[in-house]
Amino acid sequence: MGVIGSSIKRREDPALITGRGRYTDDLSLPGMLHAVIVRSPHAHARIVSIDAAAARAAEGVVAVYDGRDLVPGGEIKGVPTGWLLPDLKVPVHPLLAVDRVRYVGDGVAVVVAESRYAARDAADLVEVEYEPLPAVVDPAKATADGAPRIHDEAPENVAFDWQLGDREKTDAAFAAATKVARLKLRNNRLIPHAVEPRACLADYDPTSGELTLRMTSQNPHVHRLLMHLASMGLPEHKMRIIAPEVGGGFGSKIHHYPDEAITAWCAINLKRPVKWTATRSEANLTDAHGRDHATTAELALDDGGRILGLRVETYAAMGAYLSTFAASVPTYLYGTLLSGQYDIPAIHVHVYGVFTNTTPVDAYRGAGRPEATFVVERLMDAAAEVCGLDPAAIRRRNFVPPEKFPYPTQVALEYDSGNYEPALDKALELAGYDALREAQKAARDDPKKPLIGIGLSSYIEACGLAPSQVVGALGAQAGLWESAKIRVQPSGSVTVYTGSSAHGQGHHTTFAQIVADKLGIDPEQVEVVHGDTEKVQFGMGTYGSRSAAVGGSAIATATDKVVAKARKIAAHLLEAAEEDVVFDPAADGGPAFHVRGVPDKRQGWGDVVLQAYLAHNYPDDLEPGLEETSFYNPSNFVYPFGTHVAVVEIDRETGEVRLARYVAVDDCGNQINPMIVAGQVHGGIAQGVGQALWEQAVYDDSGQLVTGTLLDYAVPRAHNLPSFETDHTVTPCPHNPLGVKGIGEAGTIASPAAVVNAVVDALKPYGVNHLDMPITPEKVWRAIHLKGAL
Amino acid sequence: MFPARFDYHRATTVDDALRLLGEHPGAKLLAGGHSLIPMMKLRLAMPEVLIDVGRVSELKGIEREEGKIYVGALTTHAELAASEVLAAHCPILAEAASKIADPAVRNKGTIGGNVAHADPASDLPAVLVATGAVIHLKGRRQRQVKAADFFTGLLATDLGEDEILTRIEIPDLHGRSGHAGSAYLKYEHPASGYAICGAAAVVKKNADGTCAAASLALNGVSATPFDAARVCRELIGAPLDDAVIRQAVNDHLHVGDPLSDVYASGLYRAELAKVYGRRALRLARDRAR
């Protein structure tokens, strides 16, 4: 086995697990000030007045600014939304609210002080008079007559009204159907909960006019570009953004929030470094939330359980403002995935993006694809019930067969490759499906035993974001390629500069493996550099399970260019024609070039590299040095898939649900580091199980976030989970040089449906056909004992 | 953490702490800090003065004397869970302590702080009521209050502003009068780890297997530990089979004004009280000798 495919330990871990990771909040600069943002306690209110006199007079306070201070000359600068849909309503999202607040947590003022304590104390002294307005928090109610209007630009609270697929064809399919499965689904609103809260440290040099911003970012170049274009207007070459260690993101650190612009503005205005770090409560109120859909979905089938058509209508909450990629998530990352693993001849989806008086919603691990999988996989179980088929059988009957690839769906994607049935078979075998069904039957008849439920989820995702031409045409306003630069040092060690910005994914390990494998050198000879706009030319960042498929492909391509250049040098040294020289990374005695058919006529890799720099007798057409760059643009998305099986046990008396087993068979193509793949699968499953059973951002009718702390908002913990049983199939991606797909989101995409299907399966004897997430014990208890009175 | 400004004093002895309490009306005592400090971080509590009793050695330790166990107020949950004295003579307290939160909280949180804070979803109060524990308080004088009388409301106790909870006295459950069975069962909130319902049961059997004595108290379902004395009166003298326990609980365990929140309604908690009460009584019965 080569270096690719081996489970070498994560090189980044020794520092992180011994507490030596340096995160943004760990950093301090001489003369540094601290910012605390005063936030609205109201979900919707008019700002009558702001009196900061007492705060300004408080000990240690250097300045207090409100929304009007940040708009000298009256031009309101705001944070932009990046992905545009036709007729998208884009209300201004000011850095600090100017006349109206629209969610609890909306910033109204910033206090800058010599210490964080002083800033926090003074924040309480800023007197803001509000005139409360009625609020709306439920996406299903936001468009109703009489609902409070959140933005004048969107009178019905509708940010967009978007459709995909063929409505007439779908209507015809339903007219022809003999069976219909129908569900009303809520996809619960989630709070990302990265372990490290968002933070930034702005440092401005008034002599050079340069701003250095260290911040929690998944994509520093994108942040710099957005700050240049919209919120700050500083020239890009005068802005340096550095992402130090970043402690998780799950999407929440993609977006451009007002907070980093406010902090930078304070640093520029005060000519001193300023740091802002969210508290955990503040993070829960202001990190872009995930999901929050209200959906009605129907599946049309024939008597044999063949799918004829799918119809979906979704109200997707945008929150109070359009976050950076908000509009893309419930549209092109959701509607396009509604064919699942199935050959569905007619699909129509209608999505309303609606404003609510809540924290803005944006990409959160999986971003649209978990919502789509939830719709499709819940419907498949409902359809199995309607058709009297086993859930495995109805899936098998409708899979896109292997001979149909590449498979164009009815919702704009072309699946490049897939082979779904072997993954299902493997998952069923690993789970012992038939024996589980027997055990389920036996348990049903014995009131002393817990109810057993078995849930399947055969998911697909489109990731490796993204083919630039495609996403550009869909409104992204940017291509989603990735860059890589490979610098070979004279002594043969390698520095890799990648635009993919790691925050827990293991780039230092897997990216080094790619280069080491191709060059035949030890991964320890490869250093990976990322997360700094001054070191890396440009990068699109890390999200959408794109790091291996796009960032890794860029590295592979750039490494190939390095080999090609080195081959020219080797040919010169070997006095052979370039086309006669071959590179053997696995040669005896180390990687070497040799003349084809004459292995003894060789030049070792190290000698060639050294000569690249000691060059003194080169021909005119050969440049010295060994450094190559690649901007890799994928030709398609990648399409990982798999089948997961959840087994739950339910306490009949209390409704408590225990996840007894969880089996996952995933196909992410070739695996660079199987241990890291397994880690991603495990973490993703845990997060998805969290959504299914525990997590929910609950707003009361007045718009207060009721589950705003970890005392109320339950993230999954190790003791709530069984040890997952994972396996894989390998269907390499046909269109990227590594044959890799993505795996960072797969677990989160698959598992909510698997768990909910399992619970509903267990409750079949009670006539239950659906329960909304999170499935709390009380919901189950009511379903059993109060006959579904929820 | 960014609490409001406060002054800090460290007490060296109980008398020193009492003196400081006298000097600073409204001061809060700091023990393990695992209830108080989170509230201060959220600025839900803003005491002007903290008196740290965390190093007052006379408040530490677990001792057994003449059929009684004395647990110092500063004893941590981890120490309770690991105590050989408790394992041998009052295992239910160790069992409940082992189910509190996570190891970090158990290593710092103390029984005195826990009981004085009187969170209705906390694990220890019902155990103290079910075991017939007595709370020892010291102010200008020393006094003793039965656990059942100590908890007076939501986050409210009989502890005076000028008093310190010094230790807790618990009867030896495995003493000369027989080996009572005891059990603490808990349904924990998935976020906080606090009890949505926690049931503490102690059962003593006669030689013929009938019930000699029983007690059952519940956490998490009402503002103060719910004392299911009516259920237990019903059990005395009765054979302790499952049907009898079920009947007694169904007929007599009615939580009048159950707590309710976004996670679990009052209706559901009242039902949980019955299920967990029943199960705790059954387990305690099985453990009685």
# chains A, B, ... in the order shown; residues from 1 in each chain; ligands from 1

$ residues_around --residues "segment 714-730 of chain A" --least-positions-apart "3" --cutoff "7 Å" --atoms "only C-alpha atoms" --output "count of residues only"
22

$ interface_residues --of "chain A" --to "chain B" --cutoff "8 Å" --atoms "only C-alpha atoms" --output "mmCIF file with all heavy atoms, in the first residue's frame"
data_model
loop_
_atom_site.group_PDB
_atom_site.id
_atom_site.type_symbol
_atom_site.label_atom_id
_atom_site.label_comp_id
_atom_site.auth_asym_id
_atom_site.auth_seq_id
_atom_site.Cartn_x
_atom_site.Cartn_y
_atom_site.Cartn_z
ATOM 1 N N ARG A 116 -11.345 43.191 29.005
ATOM 2 C CA ARG A 116 -12.621 42.606 28.601
ATOM 3 C C ARG A 116 -13.661 42.772 29.708
ATOM 4 O O ARG A 116 -14.845 42.939 29.442
ATOM 5 C CB ARG A 116 -12.416 41.124 28.270
ATOM 6 C CG ARG A 116 -13.467 40.646 27.318
ATOM 7 C CD ARG A 116 -13.183 39.273 26.768
ATOM 8 N NE ARG A 116 -14.407 38.797 26.098
ATOM 9 C CZ ARG A 116 -14.710 37.532 25.938
ATOM 10 N NH1 ARG A 116 -13.891 36.604 26.363
ATOM 11 N NH2 ARG A 116 -15.826 37.189 25.341
ATOM 12 N N TYR A 117 -13.192 42.749 30.946
ATOM 13 C CA TYR A 117 -14.121 42.961 32.060
ATOM 14 C C TYR A 117 -14.735 44.353 31.994
ATOM 15 O O TYR A 117 -15.935 44.543 32.158
ATOM 16 C CB TYR A 117 -13.406 42.778 33.395
ATOM 17 C CG TYR A 117 -13.243 41.344 33.810
ATOM 18 C CD1 TYR A 117 -12.092 40.630 33.506
ATOM 19 C CD2 TYR A 117 -14.257 40.684 34.482
ATOM 20 C CE1 TYR A 117 -11.950 39.311 33.873
ATOM 21 C CE2 TYR A 117 -14.130 39.364 34.861
ATOM 22 C CZ TYR A 117 -12.972 38.670 34.550
ATOM 23 O OH TYR A 117 -12.849 37.369 34.918
ATOM 24 N N ARG A 120 -17.210 44.534 29.248
ATOM 25 C CA ARG A 120 -18.444 43.796 29.566
ATOM 26 C C ARG A 120 -19.300 44.561 30.577
ATOM 27 O O ARG A 120 -20.527 44.638 30.440
ATOM 28 C CB ARG A 120 -18.075 42.410 30.109
ATOM 29 C CG ARG A 120 -19.227 41.564 30.579
ATOM 30 C CD ARG A 120 -20.172 41.208 29.451
ATOM 31 N NE ARG A 120 -21.382 40.544 29.957
ATOM 32 C CZ ARG A 120 -22.434 41.174 30.443
ATOM 33 N NH1 ARG A 120 -22.466 42.493 30.499
ATOM 34 N NH2 ARG A 120 -23.480 40.500 30.882
ATOM 35 N N ASP A 121 -18.652 45.132 31.599
ATOM 36 C CA ASP A 121 -19.403 45.906 32.596
ATOM 37 C C ASP A 121 -20.048 47.130 31.955
ATOM 38 O O ASP A 121 -21.210 47.449 32.224
ATOM 39 C CB ASP A 121 -18.483 46.354 33.740
ATOM 40 C CG ASP A 121 -18.145 45.201 34.686
ATOM 41 O OD1 ASP A 121 -18.804 44.158 34.610
ATOM 42 O OD2 ASP A 121 -17.213 45.372 35.499
ATOM 43 N N GLU A 653 -42.869 2.431 28.786
ATOM 44 C CA GLU A 653 -43.523 3.189 29.864
ATOM 45 C C GLU A 653 -43.182 4.664 29.845
ATOM 46 O O GLU A 653 -43.990 5.500 30.210
ATOM 47 C CB GLU A 653 -43.134 2.596 31.222
ATOM 48 C CG GLU A 653 -43.747 1.240 31.469
ATOM 49 C CD GLU A 653 -43.438 0.720 32.861
ATOM 50 O OE1 GLU A 653 -42.260 0.786 33.274
ATOM 51 O OE2 GLU A 653 -44.361 0.267 33.536
ATOM 52 N N THR A 654 -41.939 4.988 29.444
ATOM 53 C CA THR A 654 -41.506 6.392 29.525
ATOM 54 C C THR A 654 -41.273 7.018 28.152
ATOM 55 O O THR A 654 -41.148 8.231 28.046
ATOM 56 C CB THR A 654 -40.174 6.513 30.288
ATOM 57 O OG1 THR A 654 -39.152 5.832 29.544
ATOM 58 C CG2 THR A 654 -40.283 5.915 31.681
ATOM 59 N N TRP A 694 -31.982 15.071 20.124
ATOM 60 C CA TRP A 694 -31.784 16.000 21.231
ATOM 61 C C TRP A 694 -31.791 17.482 20.870
ATOM 62 O O TRP A 694 -32.240 18.322 21.652
ATOM 63 C CB TRP A 694 -30.448 15.694 21.936
ATOM 64 C CG TRP A 694 -30.367 14.292 22.408
ATOM 65 C CD1 TRP A 694 -31.198 13.695 23.326
ATOM 66 C CD2 TRP A 694 -29.439 13.286 21.988
ATOM 67 N NE1 TRP A 694 -30.838 12.380 23.486
ATOM 68 C CE2 TRP A 694 -29.758 12.099 22.691
ATOM 69 C CE3 TRP A 694 -28.377 13.275 21.098
ATOM 70 C CZ2 TRP A 694 -29.052 10.916 22.523
ATOM 71 C CZ3 TRP A 694 -27.668 12.089 20.926
ATOM 72 C CH2 TRP A 694 -28.006 10.938 21.635
ATOM 73 N N VAL A 706 -35.143 30.100 23.709
ATOM 74 C CA VAL A 706 -35.354 29.443 25.004
ATOM 75 C C VAL A 706 -34.225 28.458 25.314
ATOM 76 O O VAL A 706 -33.867 28.242 26.466
ATOM 77 C CB VAL A 706 -36.719 28.711 24.995
ATOM 78 C CG1 VAL A 706 -36.966 28.009 26.319
ATOM 79 C CG2 VAL A 706 -37.846 29.697 24.707
ATOM 80 N N LEU A 710 -26.037 25.679 27.020
ATOM 81 C CA LEU A 710 -25.823 24.228 27.030
ATOM 82 C C LEU A 710 -26.553 23.545 28.188
ATOM 83 O O LEU A 710 -26.549 22.326 28.292
ATOM 84 C CB LEU A 710 -24.327 23.923 27.071
ATOM 85 C CG LEU A 710 -23.617 24.205 25.744
ATOM 86 C CD1 LEU A 710 -22.111 24.239 25.921
ATOM 87 C CD2 LEU A 710 -24.003 23.164 24.709
ATOM 88 N N LEU A 711 -27.177 24.356 29.024
ATOM 89 C CA LEU A 711 -28.034 23.793 30.059
ATOM 90 C C LEU A 711 -29.344 23.283 29.439
ATOM 91 O O LEU A 711 -29.995 22.398 29.982
ATOM 92 C CB LEU A 711 -28.342 24.891 31.087
ATOM 93 C CG LEU A 711 -28.677 24.513 32.520
ATOM 94 C CD1 LEU A 711 -27.593 23.679 33.146
ATOM 95 C CD2 LEU A 711 -28.908 25.784 33.342
ATOM 96 N N ASP A 712 -29.727 23.885 28.309
ATOM 97 C CA ASP A 712 -31.007 23.542 27.685
ATOM 98 C C ASP A 712 -30.850 22.919 26.314
ATOM 99 O O ASP A 712 -31.724 22.200 25.856
ATOM 100 C CB ASP A 712 -31.861 24.811 27.522
ATOM 101 C CG ASP A 712 -32.094 25.500 28.837
ATOM 102 O OD1 ASP A 712 -32.716 24.881 29.709
ATOM 103 O OD2 ASP A 712 -31.636 26.644 29.012
ATOM 104 N N TYR A 713 -29.758 23.270 25.632
ATOM 105 C CA TYR A 713 -29.563 22.787 24.275
ATOM 106 C C TYR A 713 -28.632 21.581 24.354
ATOM 107 O O TYR A 713 -27.481 21.692 24.775
ATOM 108 C CB TYR A 713 -28.940 23.883 23.409
ATOM 109 C CG TYR A 713 -28.865 23.509 21.947
ATOM 110 C CD1 TYR A 713 -29.802 23.986 21.038
ATOM 111 C CD2 TYR A 713 -27.863 22.666 21.472
ATOM 112 C CE1 TYR A 713 -29.741 23.634 19.703
ATOM 113 C CE2 TYR A 713 -27.801 22.308 20.140
ATOM 114 C CZ TYR A 713 -28.741 22.800 19.256
ATOM 115 O OH TYR A 713 -28.680 22.446 17.940
ATOM 116 N N ALA A 714 -29.145 20.426 23.943
ATOM 117 C CA ALA A 714 -28.396 19.185 24.155
ATOM 118 C C ALA A 714 -27.593 18.807 22.920
ATOM 119 O O ALA A 714 -28.160 18.446 21.907
ATOM 120 C CB ALA A 714 -29.356 18.059 24.508
ATOM 121 N N VAL A 715 -26.294 18.923 23.011
ATOM 122 C CA VAL A 715 -25.433 18.366 21.971
ATOM 123 C C VAL A 715 -25.147 16.907 22.339
ATOM 124 O O VAL A 715 -25.193 16.543 23.506
ATOM 125 C CB VAL A 715 -24.120 19.171 21.830
ATOM 126 C CG1 VAL A 715 -24.407 20.577 21.343
ATOM 127 C CG2 VAL A 715 -23.365 19.208 23.136
ATOM 128 N N THR A 776 -38.147 13.621 21.357
ATOM 129 C CA THR A 776 -37.960 13.551 22.809
ATOM 130 C C THR A 776 -38.789 12.403 23.350
ATOM 131 O O THR A 776 -39.776 11.986 22.742
ATOM 132 C CB THR A 776 -38.419 14.859 23.475
ATOM 133 O OG1 THR A 776 -39.811 15.041 23.193
ATOM 134 C CG2 THR A 776 -37.636 16.054 22.943
ATOM 135 N N GLU A 778 -40.896 12.442 25.612
ATOM 136 C CA GLU A 778 -42.301 12.810 25.820
ATOM 137 C C GLU A 778 -43.117 12.628 24.538
ATOM 138 O O GLU A 778 -44.261 12.185 24.584
ATOM 139 C CB GLU A 778 -42.418 14.250 26.323
ATOM 140 C CG GLU A 778 -43.886 14.647 26.493
ATOM 141 C CD GLU A 778 -44.111 15.888 27.312
ATOM 142 O OE1 GLU A 778 -43.125 16.494 27.771
ATOM 143 O OE2 GLU A 778 -45.283 16.251 27.506
#

$ residues_around --residues "His254 of chain B" --least-positions-apart "5" --cutoff "12 Å" --atoms "only C-alpha atoms" --output "list in words"
Leu218, Val221, Ser222, Phe226, Asp227, Ala228, Ala229, Arg230, Val231, Ala248, Val249, Gly266, Leu267, Arg269, Ala270, Glu271, Leu272, Ala273, Lys274, Val275 and Gly277 of chain B

$ select_by_dssp --residues "segment 28-225 of chain B" --states "alpha helix (DSSP H)" --output "PyMOL selection string"
chain B and resi 36-41+77-82+84-89+91-98+103-108+111-117+124-131+147-150

$ residues_around --residues "Val698 of chain A" --least-positions-apart "6" --cutoff "12 Å" --atoms "only C-alpha atoms" --output "VMD selection string"
(chain A and resid 137 to 138 188 to 191 284 to 285 289 292 358 to 359 704 to 709 712 to 714 773 to 774) or (chain B and resid 261 to 263)

$ select_by_dssp --residues "segment 309-520 of chain A" --states "strand (DSSP E)" --output "number ranges by chain"
A: 309-319, 347-355, 407-408, 414-415, 451-460, 482-488, 494-498

$ residues_around --residues "Ala94 of chain B" --least-positions-apart "3" --cutoff "6 Å" --atoms "only C-alpha atoms" --output "list in words"
Leu80, Ala81, Pro91 and Ala97 of chain B

$ residues_around --residues "segment 163-177 of chain B" --least-positions-apart "3" --cutoff "6 Å" --atoms "only C-alpha atoms" --output "list of chain:residue names"
B:Gly67, B:Lys68, B:Ile69, B:Tyr70, B:Val71, B:Gly72, B:Ala73, B:His89, B:Cys90, B:Ala133, B:Val134, B:Ile135, B:His136, B:Leu137, B:Lys138, B:Gly139, B:Gly160, B:Ala180

$ residues_around --residues "Leu29 of chain B" --least-positions-apart "2" --cutoff "9 Å" --atoms "only C-alpha atoms" --output "list in words"
Ala17, Leu21, Ala27, Ala31, Gly33, Leu36, Val49, Leu50, Ile51, Asp52, Val53, Gly113 and Ile164 of chain B

$ atom_distance --atom1 "atom CA of Gly418 of chain A" --atom2 "atom CA of Pro402 of chain A"
6.4 Å

$ atom_distance --atom1 "atom CA of Gly684 of chain A" --atom2 "atom CA of Pro192 of chain A"
12.5 Å
